[in-house]
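J.: I'm passing along start.txt; it holds compact mmCIF, C-alpha atoms.
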```txt
# COMPACT_ATOMS: atom_id res chain seq x y z
CA MET P 1 0.00 0.00 0.00
CA LYS P 2 1.29 3.44 -0.93
CA LYS P 3 2.13 5.54 2.12
CA GLU P 4 0.10 8.74 2.39
CA LYS P 5 2.27 11.85 2.08
CA VAL P 6 2.70 13.76 5.32
CA SER P 7 2.59 17.56 5.10
CA CYS P 8 5.26 19.31 7.15
CA ILE P 9 5.89 22.97 8.00
CA ALA P 10 8.78 24.65 9.81
CA VAL P 11 8.01 27.91 11.62
CA ILE P 12 11.04 30.09 12.27
CA GLY P 13 10.41 32.52 15.10
CA THR P 14 8.10 31.59 17.98
CA GLY P 15 7.11 35.09 19.06
CA ASN P 16 3.55 36.41 18.94
CA VAL P 17 3.05 35.85 15.20
CA GLY P 18 4.78 32.47 14.98
CA SER P 19 3.00 31.01 17.99
CA SER P 20 -0.40 32.42 16.92
CA TYR P 21 0.13 30.93 13.45
CA ALA P 22 0.97 27.55 15.00
CA PHE P 23 -2.18 27.80 17.14
CA ALA P 24 -4.28 28.54 14.02
CA LEU P 25 -2.74 25.61 12.11
CA MET P 26 -3.41 23.22 14.98
CA ASN P 27 -7.00 24.34 15.49
CA GLN P 28 -7.84 24.05 11.80
CA GLY P 29 -5.98 20.75 11.31
CA ILE P 30 -4.14 22.14 8.28
CA VAL P 31 -0.80 20.32 8.63
CA ASP P 32 0.39 16.89 9.79
CA GLU P 33 3.72 17.96 11.28
CA LEU P 34 4.82 21.33 12.65
CA ILE P 35 8.42 22.12 13.59
CA MET P 36 9.06 25.17 15.80
CA ILE P 37 12.50 26.80 15.44
CA ASP P 38 13.86 29.73 17.44
CA VAL P 39 17.27 30.96 18.62
CA ASN P 40 15.60 31.12 22.04
CA LYS P 41 15.23 27.39 22.54
CA GLU P 42 13.48 27.75 25.88
CA LYS P 43 10.79 29.88 24.27
CA ALA P 44 10.36 27.38 21.42
CA LEU P 45 10.11 24.49 23.87
CA GLY P 46 7.57 26.36 25.98
CA GLU P 47 5.38 27.03 22.95
CA VAL P 48 5.62 23.40 21.81
CA MET P 49 4.61 22.14 25.24
CA ASP P 50 1.73 24.59 25.56
CA LEU P 51 0.37 23.74 22.10
CA ASN P 52 0.68 20.00 22.63
CA HIS P 53 -1.27 20.21 25.89
CA GLY P 54 -4.27 21.48 23.90
CA LYS P 55 -4.19 18.74 21.28
CA VAL P 56 -6.90 16.67 22.93
CA PHE P 57 -9.36 19.44 22.11
CA THR P 58 -8.48 19.84 18.40
CA PRO P 59 -10.12 18.14 15.38
CA ASP P 60 -6.90 16.54 14.13
CA SER P 61 -3.70 15.49 15.83
CA THR P 62 -0.90 17.70 14.51
CA ASN P 63 2.56 16.46 15.49
CA ILE P 64 4.26 19.53 17.01
CA ARG P 65 7.90 19.52 18.01
CA MET P 66 10.91 21.77 18.50
CA GLY P 67 13.58 21.63 15.81
CA GLU P 68 16.74 23.02 14.22
CA TYR P 69 17.54 24.44 10.77
CA THR P 70 18.73 20.98 9.69
CA ASP P 71 15.13 19.77 10.07
CA CYS P 72 14.09 21.99 7.14
CA ALA P 73 15.57 19.55 4.61
CA ASP P 74 12.29 17.75 3.87
CA VAL P 75 9.60 20.24 4.89
CA ASP P 76 7.05 21.51 2.38
CA LEU P 77 6.94 25.05 3.66
CA VAL P 78 9.22 27.27 5.77
CA VAL P 79 7.36 30.18 7.34
CA ILE P 80 9.55 33.01 8.62
CA CYS P 81 8.08 34.99 11.52
CA ALA P 82 11.39 35.94 13.15
CA GLY P 83 12.89 39.40 13.35
CA ALA P 84 12.58 42.73 15.14
CA ASN P 85 9.02 43.86 15.84
CA GLN P 86 7.45 47.17 14.91
CA LYS P 87 7.42 49.48 17.93
CA PRO P 88 5.04 52.39 18.64
CA GLY P 89 5.94 55.28 16.34
CA GLU P 90 7.89 53.06 13.90
CA THR P 91 6.80 52.35 10.34
CA ARG P 92 7.28 48.89 8.86
CA LEU P 93 10.06 50.31 6.66
CA ASP P 94 12.00 51.46 9.74
CA LEU P 95 12.71 47.78 10.41
CA VAL P 96 14.67 47.18 7.20
CA GLY P 97 18.21 47.52 8.51
CA LYS P 98 17.54 45.40 11.58
CA ASN P 99 15.95 42.55 9.72
CA LEU P 100 17.99 42.16 6.51
CA ASN P 101 20.98 40.79 8.43
CA VAL P 102 18.73 38.47 10.44
CA PHE P 103 17.14 37.14 7.25
CA LYS P 104 20.42 36.50 5.48
CA THR P 105 21.45 34.21 8.32
CA ILE P 106 18.06 32.48 8.49
CA VAL P 107 17.72 31.84 4.75
CA GLU P 108 21.31 30.63 4.33
CA ASN P 109 20.86 28.20 7.23
CA VAL P 110 17.58 26.88 5.80
CA MET P 111 19.06 26.41 2.31
CA ALA P 112 22.15 24.68 3.78
CA SER P 113 19.80 21.96 5.07
CA GLY P 114 18.90 20.99 1.49
CA PHE P 115 15.48 22.66 1.63
CA ASP P 116 13.65 22.67 -1.71
CA GLY P 117 10.14 23.78 -0.80
CA ILE P 118 8.30 27.10 -0.50
CA PHE P 119 9.15 30.09 1.67
CA LEU P 120 6.32 32.12 3.22
CA VAL P 121 7.45 35.40 4.82
CA ALA P 122 5.48 37.26 7.51
CA THR P 123 8.09 39.55 9.08
CA ASN P 124 7.88 43.29 8.35
CA PRO P 125 8.63 45.09 6.17
CA VAL P 126 7.25 42.04 4.43
CA ASP P 127 7.70 43.13 0.79
CA ILE P 128 11.35 44.01 1.36
CA LEU P 129 12.09 40.84 3.33
CA THR P 130 10.31 38.63 0.80
CA TYR P 131 12.54 40.08 -1.90
CA ALA P 132 15.56 39.45 0.35
CA THR P 133 14.46 35.84 0.94
CA TRP P 134 14.16 35.26 -2.81
CA HIS P 135 17.57 36.89 -3.41
CA TYR P 136 19.36 34.95 -0.66
CA SER P 137 17.69 31.59 -1.39
CA GLY P 138 18.11 31.39 -5.17
CA LEU P 139 14.70 29.70 -5.42
CA PRO P 140 12.29 30.41 -8.31
CA LYS P 141 10.29 33.59 -7.64
CA GLY P 142 6.97 31.72 -7.44
CA ARG P 143 8.22 29.67 -4.51
CA VAL P 144 8.93 32.70 -2.33
CA ILE P 145 5.74 34.36 -1.08
CA GLY P 146 5.11 37.20 1.34
CA SER P 147 1.96 37.65 3.39
CA GLY P 148 1.67 40.97 1.50
CA THR P 149 -1.69 42.70 1.77
CA ILE P 150 -3.72 39.64 2.75
CA LEU P 151 -4.45 41.17 6.16
CA ASP P 152 -5.06 44.67 4.76
CA THR P 153 -7.53 43.14 2.30
CA ALA P 154 -9.24 41.24 5.13
CA ARG P 155 -9.53 44.45 7.18
CA PHE P 156 -10.89 46.23 4.09
CA ARG P 157 -13.52 43.56 3.44
CA TYR P 158 -14.50 43.51 7.12
CA LEU P 159 -14.99 47.28 7.31
CA LEU P 160 -16.81 47.47 3.95
CA GLY P 161 -19.07 44.63 5.08
CA ASP P 162 -19.82 46.50 8.29
CA TYR P 163 -20.58 49.69 6.33
CA PHE P 164 -22.88 48.05 3.77
CA LYS P 165 -24.32 45.57 6.34
CA ILE P 166 -23.15 42.60 4.26
CA ALA P 167 -21.13 39.57 5.39
CA PRO P 168 -17.42 40.27 4.64
CA LYS P 169 -17.20 37.02 2.67
CA ASN P 170 -19.61 38.52 0.12
CA VAL P 171 -17.47 41.64 -0.30
CA HIS P 172 -14.91 41.39 -3.10
CA ALA P 173 -12.32 44.14 -2.78
CA TYR P 174 -8.53 44.36 -2.68
CA ILE P 175 -5.81 46.41 -1.05
CA ILE P 176 -2.68 46.24 -3.19
CA GLY P 177 0.87 47.62 -3.21
CA GLU P 178 3.20 47.89 -0.24
CA HIS P 179 2.01 46.36 3.01
CA GLY P 180 2.36 49.78 4.57
CA ASP P 181 1.67 53.47 4.20
CA SER P 182 1.72 53.61 0.38
CA GLU P 183 -0.81 50.80 -0.14
CA LEU P 184 -4.00 51.55 -2.07
CA PRO P 185 -7.62 50.38 -2.31
CA VAL P 186 -8.89 49.19 -5.69
CA TYR P 187 -12.38 50.72 -5.69
CA SER P 188 -12.72 50.44 -9.47
CA SER P 189 -13.21 46.66 -9.23
CA ALA P 190 -14.69 46.39 -5.71
CA ASP P 191 -18.18 44.88 -5.47
CA VAL P 192 -20.74 43.64 -3.00
CA GLY P 193 -22.61 40.59 -4.24
CA GLY P 194 -21.64 41.46 -7.82
CA ILE P 195 -22.76 45.11 -7.58
CA SER P 196 -20.02 47.71 -7.92
CA ILE P 197 -19.39 49.63 -4.71
CA LEU P 198 -19.11 52.85 -6.71
CA LYS P 199 -22.50 52.13 -8.34
CA MET P 200 -24.05 51.50 -4.90
CA ILE P 201 -22.84 54.93 -3.78
CA GLU P 202 -24.35 56.55 -6.88
CA ARG P 203 -27.71 54.83 -6.42
CA GLN P 204 -28.25 55.08 -2.66
CA GLU P 205 -27.94 58.40 -0.88
CA GLN P 206 -27.06 56.89 2.53
CA TYR P 207 -23.67 55.86 1.11
CA LYS P 208 -20.97 58.46 0.44
CA LYS P 209 -17.54 58.41 -1.23
CA GLU P 210 -16.13 60.29 1.78
CA ASP P 211 -17.06 57.32 3.97
CA LEU P 212 -15.03 55.02 1.73
CA ASP P 213 -12.02 57.31 2.13
CA GLU P 214 -12.37 57.04 5.91
CA ILE P 215 -12.69 53.25 5.70
CA PHE P 216 -9.42 53.05 3.78
CA ILE P 217 -7.61 55.27 6.30
CA ASN P 218 -8.82 52.96 9.08
CA VAL P 219 -7.49 49.97 7.11
CA ARG P 220 -4.13 51.56 6.39
CA ASP P 221 -3.60 52.76 9.96
CA ALA P 222 -5.10 49.75 11.77
CA ALA P 223 -1.72 48.31 12.77
CA TYR P 224 -0.67 51.56 14.45
CA LYS P 225 -3.85 51.58 16.56
CA ILE P 226 -3.47 47.92 17.51
CA ILE P 227 0.20 48.36 18.41
CA GLU P 228 -0.67 51.39 20.51
CA GLY P 229 -3.37 49.40 22.30
CA LYS P 230 -1.74 45.98 22.83
CA GLY P 231 1.87 46.27 21.65
CA ALA P 232 1.71 44.09 18.52
CA THR P 233 -0.59 42.61 15.88
CA TYR P 234 -0.65 38.84 15.55
CA TYR P 235 -4.06 37.14 15.49
CA GLY P 236 -5.16 38.61 12.15
CA ILE P 237 -1.89 37.93 10.35
CA ALA P 238 -1.71 34.43 11.85
CA MET P 239 -5.12 33.63 10.35
CA GLY P 240 -3.98 35.09 7.02
CA LEU P 241 -0.85 32.92 7.04
CA ALA P 242 -2.98 29.87 7.85
CA ARG P 243 -5.22 30.70 4.86
CA ILE P 244 -2.21 30.93 2.50
CA THR P 245 -0.84 27.68 3.93
CA LYS P 246 -4.12 25.89 3.33
CA ALA P 247 -4.22 27.12 -0.28
CA ILE P 248 -0.69 25.80 -0.84
CA LEU P 249 -1.01 22.40 0.81
CA ASN P 250 -4.47 21.70 -0.68
CA ASN P 251 -3.44 22.85 -4.18
CA GLU P 252 -6.47 25.16 -4.19
CA ASN P 253 -5.67 27.61 -7.00
CA SER P 254 -7.22 30.27 -4.77
CA VAL P 255 -6.81 34.00 -5.39
CA LEU P 256 -5.21 35.69 -2.38
CA THR P 257 -3.49 39.07 -2.05
CA VAL P 258 0.11 38.12 -1.29
CA SER P 259 3.48 39.72 -1.87
CA ALA P 260 4.50 38.43 -5.28
CA HIS P 261 7.44 39.12 -7.58
CA MET P 262 6.59 41.61 -10.32
CA ASP P 263 7.91 40.53 -13.71
CA GLY P 264 6.23 43.08 -15.95
CA GLN P 265 2.80 42.86 -14.32
CA TYR P 266 1.25 46.25 -13.56
CA GLY P 267 4.24 47.77 -15.39
CA GLN P 268 6.67 46.83 -12.59
CA ASN P 269 9.79 44.68 -12.44
CA ASN P 270 12.13 43.26 -9.80
CA VAL P 271 10.07 44.14 -6.75
CA TYR P 272 7.75 42.14 -4.48
CA MET P 273 4.34 43.77 -3.88
CA GLY P 274 0.91 42.86 -2.59
CA VAL P 275 -1.32 41.79 -5.49
CA PRO P 276 -4.00 39.16 -6.09
CA ALA P 277 -2.27 35.92 -7.09
CA ILE P 278 -3.31 32.34 -7.76
CA ILE P 279 -1.87 30.12 -5.03
CA ASN P 280 -1.43 26.36 -5.32
CA ARG P 281 0.97 23.54 -4.43
CA SER P 282 3.74 25.08 -6.51
CA GLY P 283 3.45 28.46 -4.74
CA ILE P 284 2.38 31.44 -6.84
CA ARG P 285 0.99 30.04 -10.09
CA GLU P 286 0.44 33.48 -11.57
CA VAL P 287 -0.23 37.10 -10.69
CA VAL P 288 -3.76 38.35 -11.37
CA GLU P 289 -3.69 41.74 -13.11
CA LEU P 290 -6.66 43.88 -12.11
CA GLU P 291 -7.81 46.61 -14.47
CA LEU P 292 -6.74 49.70 -12.57
CA ASN P 293 -8.03 53.16 -13.41
CA GLU P 294 -5.53 55.93 -14.05
CA GLU P 295 -5.46 57.16 -10.44
CA GLU P 296 -4.93 53.63 -9.12
CA GLN P 297 -2.13 53.02 -11.65
CA GLN P 298 -0.31 56.13 -10.44
CA LYS P 299 -0.70 55.15 -6.78
CA PHE P 300 0.55 51.63 -7.49
CA LYS P 301 3.58 53.04 -9.32
CA HIS P 302 4.27 55.32 -6.35
CA SER P 303 4.04 52.34 -3.98
CA ALA P 304 6.51 50.38 -6.13
CA ASN P 305 8.92 53.32 -6.11
CA VAL P 306 8.72 53.53 -2.31
CA LEU P 307 9.79 49.89 -2.08
CA LYS P 308 12.47 50.14 -4.78
CA THR P 309 13.99 53.16 -3.00
CA ILE P 310 14.41 50.99 0.10
CA LEU P 311 15.69 47.95 -1.85
CA ALA P 312 18.15 49.74 -4.15
CA PRO P 313 20.93 50.46 -1.58
CA HIS P 314 20.93 46.78 -0.56
CA PHE P 315 20.38 44.97 -3.90
CA GLU P 316 22.26 46.35 -6.89
CA GLU P 317 19.94 44.72 -9.44
CA VAL P 318 17.02 46.91 -8.27
CA LYS P 319 16.73 50.04 -10.42
CA LEU P 320 14.59 53.08 -9.68
```
Take the structure in this file and express it as structure tokens.
T.:
Amino acid sequence: MKKEKVSCIAVIGTGNVGSSYAFALMNQGIVDELIMIDVNKEKALGEVMDLNHGKVFTPDSTNIRMGEYTDCADVDLVVICAGANQKPGETRLDLVGKNLNVFKTIVENVMASGFDGIFLVATNPVDILTYATWHYSGLPKGRVIGSGTILDTARFRYLLGDYFKIAPKNVHAYIIGEHGDSELPVYSSADVGGISILKMIERQEQYKKEDLDEIFINVRDAAYKIIEGKGATYYGIAMGLARITKAILNNENSVLTVSAHMDGQYGQNNVYMGVPAIINRSGIREVVELELNEEEQQKFKHSANVLKTILAPHFEEVKL
């Protein structure tokens, strides 16, 4: 009898995001084996013990253990959650210098194990660090994915759903660009139950364009408010990472807004940005190109230039 393939994930970094992601994976029964890796071995061990003690209450029995970089040799997916956290008053881009050196070490250690799977990057600034992971790993661009604007898009759909009194799952709208201050909403293709949001505003006087502007500001600045209130964001992004993981392992061909390598799409090259992309067992199958209006095109170009300005001093192949 042919042995059923076991799915295996290594999580690097067992801080708030890494441990919340592991908790989401375990509760949803997404993966067979989960390896927790951290330079702070006591922290990793503590998380492993705590998670395992809750296994009796979960739908499936995920094998959770502490590991080392050498354990990455045969895993399907390495998820990087390690690095310096965003502090109150800091932007995601302020973290670049701190985290590039950390990532070089992490990625080189993972690749030295013989790893030949998919990288999923969560650490901020995620677009920059996803590019760095691709650069340091030498893997095909489709097998290096950043969490991108998956959380921003989820926040957007949630707030639009609340505004229009519609379940967020029936709201189809995207935030694209940098996962950060230069991101943009794509109102030109946003709809609720197949009806354009812009048409709804035209037809019904209780809805106003100014309200949409306020919704976007609340989406863009949500992380700052959460960090001010509780010190860090982790539940939302953990659920987003779990959703990407499920799409990969189940070969779903689902469209999710992740940080993907631009190779001519949207007129951009050699930069990772948040865009809708088709995700399956091979990673990013292809980038979905939305029809942007002129204003959206200009904002997307600006967002790309923000990221390239940060990348250029560190990666000589990036041109402004």
J.: Pick from P:Tyr234, P:Tyr266, P:Phe119, P:Phe315: nearest to P:Leu151, with all atoms listed in the file counted?
T.: P:Tyr234
J.: Rank nothing, just name the residue among P:Val186, P:Ala154, P:Ile197, P:Ile227 nearest to P:Lys87, using all atoms listed in the file.
T.: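 Among the listed residues, the smallest separation from P:Lys87 belongs to P:Ile227.
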J.: Using atom CA of P:Val17 and atom CA of P:Thr233 as the two end points, give the distance in Å to one decimal.
T.: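 We find that atom CA of P:Val17 and atom CA of P:Thr233 lie 7.7 Å from each other.
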J.: Here is a test: counting all atoms listed in the file, which residue of P:Ala260, P:Leu139, P:Ile176, P:Leu34 is nearest to P:Leu292?
T.: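 Among the listed residues, the smallest separation from P:Leu292 belongs to P:Ile176.
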J.: Applying 9 Å and only C-alpha atoms, which residues near P:Gly29 remain after dropping the ones on its own chain fewer than 3 positions away? List them as a list in words.
T.: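 These residues fall inside the cut-off: Ala24, Leu25, Met26, Asp32, Thr58, Pro59, Asp60, Ser61 and Thr62 of chain P.
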J.: What is the distance between atom CA of P:His172 and atom CA of P:Gly194, in Å to one decimal?
T.: 8.2 Å
J.: Considering all atoms listed in the file, can you say which of P:Gly142, P:Gly180, P:Gly264, P:Gly54 comes closest to P:Ile279?
T.: P:Gly142
J.: Hey, could you make a per-residue contact list for stretch 27-61 of chain P against stretch 18-22 of chain P with 9 Å as the cut-off, showing the nearest pair of atoms and its distance in Å to one decimal, counting all atoms listed in the file, sorted by chain and number, as JSON lines?
T.:
```
{"residue": "P:Asn27", "atom": "CA", "partner": "P:Ala22", "partner_atom": "CA", "distance": 8.6}
{"residue": "P:Leu34", "atom": "CA", "partner": "P:Ala22", "partner_atom": "CA", "distance": 7.7}
{"residue": "P:Met36", "atom": "CA", "partner": "P:Ala22", "partner_atom": "CA", "distance": 8.5}
{"residue": "P:Ala44", "atom": "CA", "partner": "P:Ser19", "partner_atom": "CA", "distance": 8.9}
{"residue": "P:Glu47", "atom": "CA", "partner": "P:Ser19", "partner_atom": "CA", "distance": 6.8}
{"residue": "P:Val48", "atom": "CA", "partner": "P:Ser19", "partner_atom": "CA", "distance": 8.9}
{"residue": "P:Leu51", "atom": "CA", "partner": "P:Ala22", "partner_atom": "CA", "distance": 8.1}
```
J.: Would you export the selected residues with C-alpha atoms as an mmCIF file, in the coordinates of the input, please?
T.:
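Below you can see result_38.cif, which holds the result:
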```cif
data_model
loop_
_atom_site.group_PDB
_atom_site.id
_atom_site.type_symbol
_atom_site.label_atom_id
_atom_site.label_comp_id
_atom_site.auth_asym_id
_atom_site.auth_seq_id
_atom_site.Cartn_x
_atom_site.Cartn_y
_atom_site.Cartn_z
ATOM 1 C CA ASN P 27 -7.000 24.340 15.490
ATOM 2 C CA LEU P 34 4.820 21.330 12.650
ATOM 3 C CA MET P 36 9.060 25.170 15.800
ATOM 4 C CA ALA P 44 10.360 27.380 21.420
ATOM 5 C CA GLU P 47 5.380 27.030 22.950
ATOM 6 C CA VAL P 48 5.620 23.400 21.810
ATOM 7 C CA LEU P 51 0.370 23.740 22.100
#
```
J.: May I ask which of the residues P:Arg285, P:Arg157, P:Lys230, P:His302 is the closest one to P:Val255, counting all atoms listed in the file?
T.: P:Arg285
J.: Interatomic distance between atom CA of P:Leu184 and atom CA of P:Gly15?
T.: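 That distance, rounded to one decimal, is 29.0 Å.
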J.: Using all atoms listed in the file, find the one residue out of P:Asp152, P:Met239, P:Glu202, P:Ala247 that sits nearest to P:Arg220.
T.: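 Smallest separation from P:Arg220 among the options: P:Asp152.
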J.: Do you know which residues are at most 10 Å from P:Phe216 counting all atoms listed in the file, after dropping those on the same chain fewer than 5 positions away, and could you put them as a list in words?
T.: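 Counting only the stated atoms, we get Asp152, Arg155, Phe156, Leu159, Leu160, Ile175, Glu183, Leu184, Pro185, Asp211, Asp221 and Ala222 of chain P.
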J.: Please report, as JSON lines, each residue of stretch 268-307 of chain P lying at most 12 Å from stretch 68-79 of chain P, together with the nearest pair of atoms and the separation in Å rounded to one decimal; use all atoms listed in the file, and order rows by chain and ascending residue number.
T.:
```
{"residue": "P:Arg281", "atom": "CA", "partner": "P:Asp76", "partner_atom": "CA", "distance": 9.4}
{"residue": "P:Ser282", "atom": "CA", "partner": "P:Asp76", "partner_atom": "CA", "distance": 10.1}
{"residue": "P:Gly283", "atom": "CA", "partner": "P:Leu77", "partner_atom": "CA", "distance": 9.7}
```
J.: Using the atoms already present, construct N, CA and C atoms for stretch 30-59 of chain P and hand them back as a JSON list (two decimals), in the coordinates of the input.
T.:
```json
[["chain", "number", "residue", "atom", "x", "y", "z"],
["P", 30, "ILE", "N", -4.63, 21.88, 9.64],
["P", 30, "ILE", "CA", -4.14, 22.14, 8.28],
["P", 30, "ILE", "C", -2.92, 21.30, 7.92],
["P", 31, "VAL", "N", -2.08, 20.97, 8.91],
["P", 31, "VAL", "CA", -0.80, 20.32, 8.63],
["P", 31, "VAL", "C", -0.61, 19.10, 9.52],
["P", 32, "ASP", "N", 0.14, 18.11, 9.01],
["P", 32, "ASP", "CA", 0.39, 16.89, 9.79],
["P", 32, "ASP", "C", 1.50, 17.10, 10.82],
["P", 33, "GLU", "N", 2.57, 17.77, 10.39],
["P", 33, "GLU", "CA", 3.72, 17.96, 11.28],
["P", 33, "GLU", "C", 4.16, 19.42, 11.28],
["P", 34, "LEU", "N", 4.44, 19.93, 12.48],
["P", 34, "LEU", "CA", 4.82, 21.33, 12.65],
["P", 34, "LEU", "C", 6.09, 21.39, 13.49],
["P", 35, "ILE", "N", 7.13, 22.00, 12.91],
["P", 35, "ILE", "CA", 8.42, 22.12, 13.59],
["P", 35, "ILE", "C", 8.63, 23.57, 13.99],
["P", 36, "MET", "N", 8.87, 23.81, 15.28],
["P", 36, "MET", "CA", 9.06, 25.17, 15.80],
["P", 36, "MET", "C", 10.54, 25.43, 16.01],
["P", 37, "ILE", "N", 11.06, 26.48, 15.38],
["P", 37, "ILE", "CA", 12.50, 26.80, 15.44],
["P", 37, "ILE", "C", 12.68, 28.23, 15.95],
["P", 38, "ASP", "N", 13.58, 28.40, 16.91],
["P", 38, "ASP", "CA", 13.86, 29.73, 17.44],
["P", 38, "ASP", "C", 15.25, 29.73, 18.06],
["P", 39, "VAL", "N", 15.96, 30.86, 17.96],
["P", 39, "VAL", "CA", 17.27, 30.96, 18.62],
["P", 39, "VAL", "C", 17.10, 30.85, 20.13],
["P", 40, "ASN", "N", 15.93, 31.28, 20.62],
["P", 40, "ASN", "CA", 15.60, 31.12, 22.04],
["P", 40, "ASN", "C", 14.93, 29.76, 22.22],
["P", 41, "LYS", "N", 15.74, 28.76, 22.49],
["P", 41, "LYS", "CA", 15.23, 27.39, 22.54],
["P", 41, "LYS", "C", 14.23, 27.18, 23.68],
["P", 42, "GLU", "N", 14.42, 27.87, 24.77],
["P", 42, "GLU", "CA", 13.48, 27.75, 25.88],
["P", 42, "GLU", "C", 12.10, 28.25, 25.49],
["P", 43, "LYS", "N", 12.08, 29.35, 24.75],
["P", 43, "LYS", "CA", 10.79, 29.88, 24.27],
["P", 43, "LYS", "C", 10.13, 28.90, 23.32],
["P", 44, "ALA", "N", 10.91, 28.35, 22.38],
["P", 44, "ALA", "CA", 10.36, 27.38, 21.42],
["P", 44, "ALA", "C", 9.81, 26.16, 22.14],
["P", 45, "LEU", "N", 10.56, 25.66, 23.11],
["P", 45, "LEU", "CA", 10.11, 24.49, 23.87],
["P", 45, "LEU", "C", 8.84, 24.79, 24.63],
["P", 46, "GLY", "N", 8.77, 25.97, 25.24],
["P", 46, "GLY", "CA", 7.57, 26.36, 25.98],
["P", 46, "GLY", "C", 6.35, 26.41, 25.09],
["P", 47, "GLU", "N", 6.51, 26.97, 23.88],
["P", 47, "GLU", "CA", 5.38, 27.03, 22.95],
["P", 47, "GLU", "C", 4.95, 25.64, 22.51],
["P", 48, "VAL", "N", 5.93, 24.78, 22.22],
["P", 48, "VAL", "CA", 5.62, 23.40, 21.81],
["P", 48, "VAL", "C", 4.84, 22.67, 22.89],
["P", 49, "MET", "N", 5.30, 22.79, 24.14],
["P", 49, "MET", "CA", 4.61, 22.14, 25.24],
["P", 49, "MET", "C", 3.18, 22.65, 25.40],
["P", 50, "ASP", "N", 3.04, 23.97, 25.36],
["P", 50, "ASP", "CA", 1.73, 24.59, 25.56],
["P", 50, "ASP", "C", 0.75, 24.16, 24.46],
["P", 51, "LEU", "N", 1.22, 24.16, 23.21],
["P", 51, "LEU", "CA", 0.37, 23.74, 22.10],
["P", 51, "LEU", "C", -0.01, 22.27, 22.21],
["P", 52, "ASN", "N", 0.96, 21.44, 22.52],
["P", 52, "ASN", "CA", 0.68, 20.00, 22.63],
["P", 52, "ASN", "C", -0.33, 19.67, 23.72],
["P", 53, "HIS", "N", -0.33, 20.46, 24.79],
["P", 53, "HIS", "CA", -1.27, 20.21, 25.89],
["P", 53, "HIS", "C", -2.71, 20.48, 25.49],
["P", 54, "GLY", "N", -2.91, 21.21, 24.37],
["P", 54, "GLY", "CA", -4.27, 21.48, 23.90],
["P", 54, "GLY", "C", -4.73, 20.55, 22.81],
["P", 55, "LYS", "N", -3.88, 19.60, 22.43],
["P", 55, "LYS", "CA", -4.19, 18.74, 21.28],
["P", 55, "LYS", "C", -5.44, 17.89, 21.46],
["P", 56, "VAL", "N", -5.74, 17.53, 22.68],
["P", 56, "VAL", "CA", -6.90, 16.67, 22.93],
["P", 56, "VAL", "C", -8.20, 17.36, 22.54],
["P", 57, "PHE", "N", -8.15, 18.69, 22.43],
["P", 57, "PHE", "CA", -9.36, 19.44, 22.11],
["P", 57, "PHE", "C", -9.47, 19.83, 20.63],
["P", 58, "THR", "N", -8.50, 19.43, 19.81],
["P", 58, "THR", "CA", -8.48, 19.84, 18.40],
["P", 58, "THR", "C", -9.05, 18.75, 17.50],
["P", 59, "PRO", "N", -9.50, 19.12, 16.29],
["P", 59, "PRO", "CA", -10.12, 18.14, 15.38],
["P", 59, "PRO", "C", -9.15, 17.09, 14.86]]
```
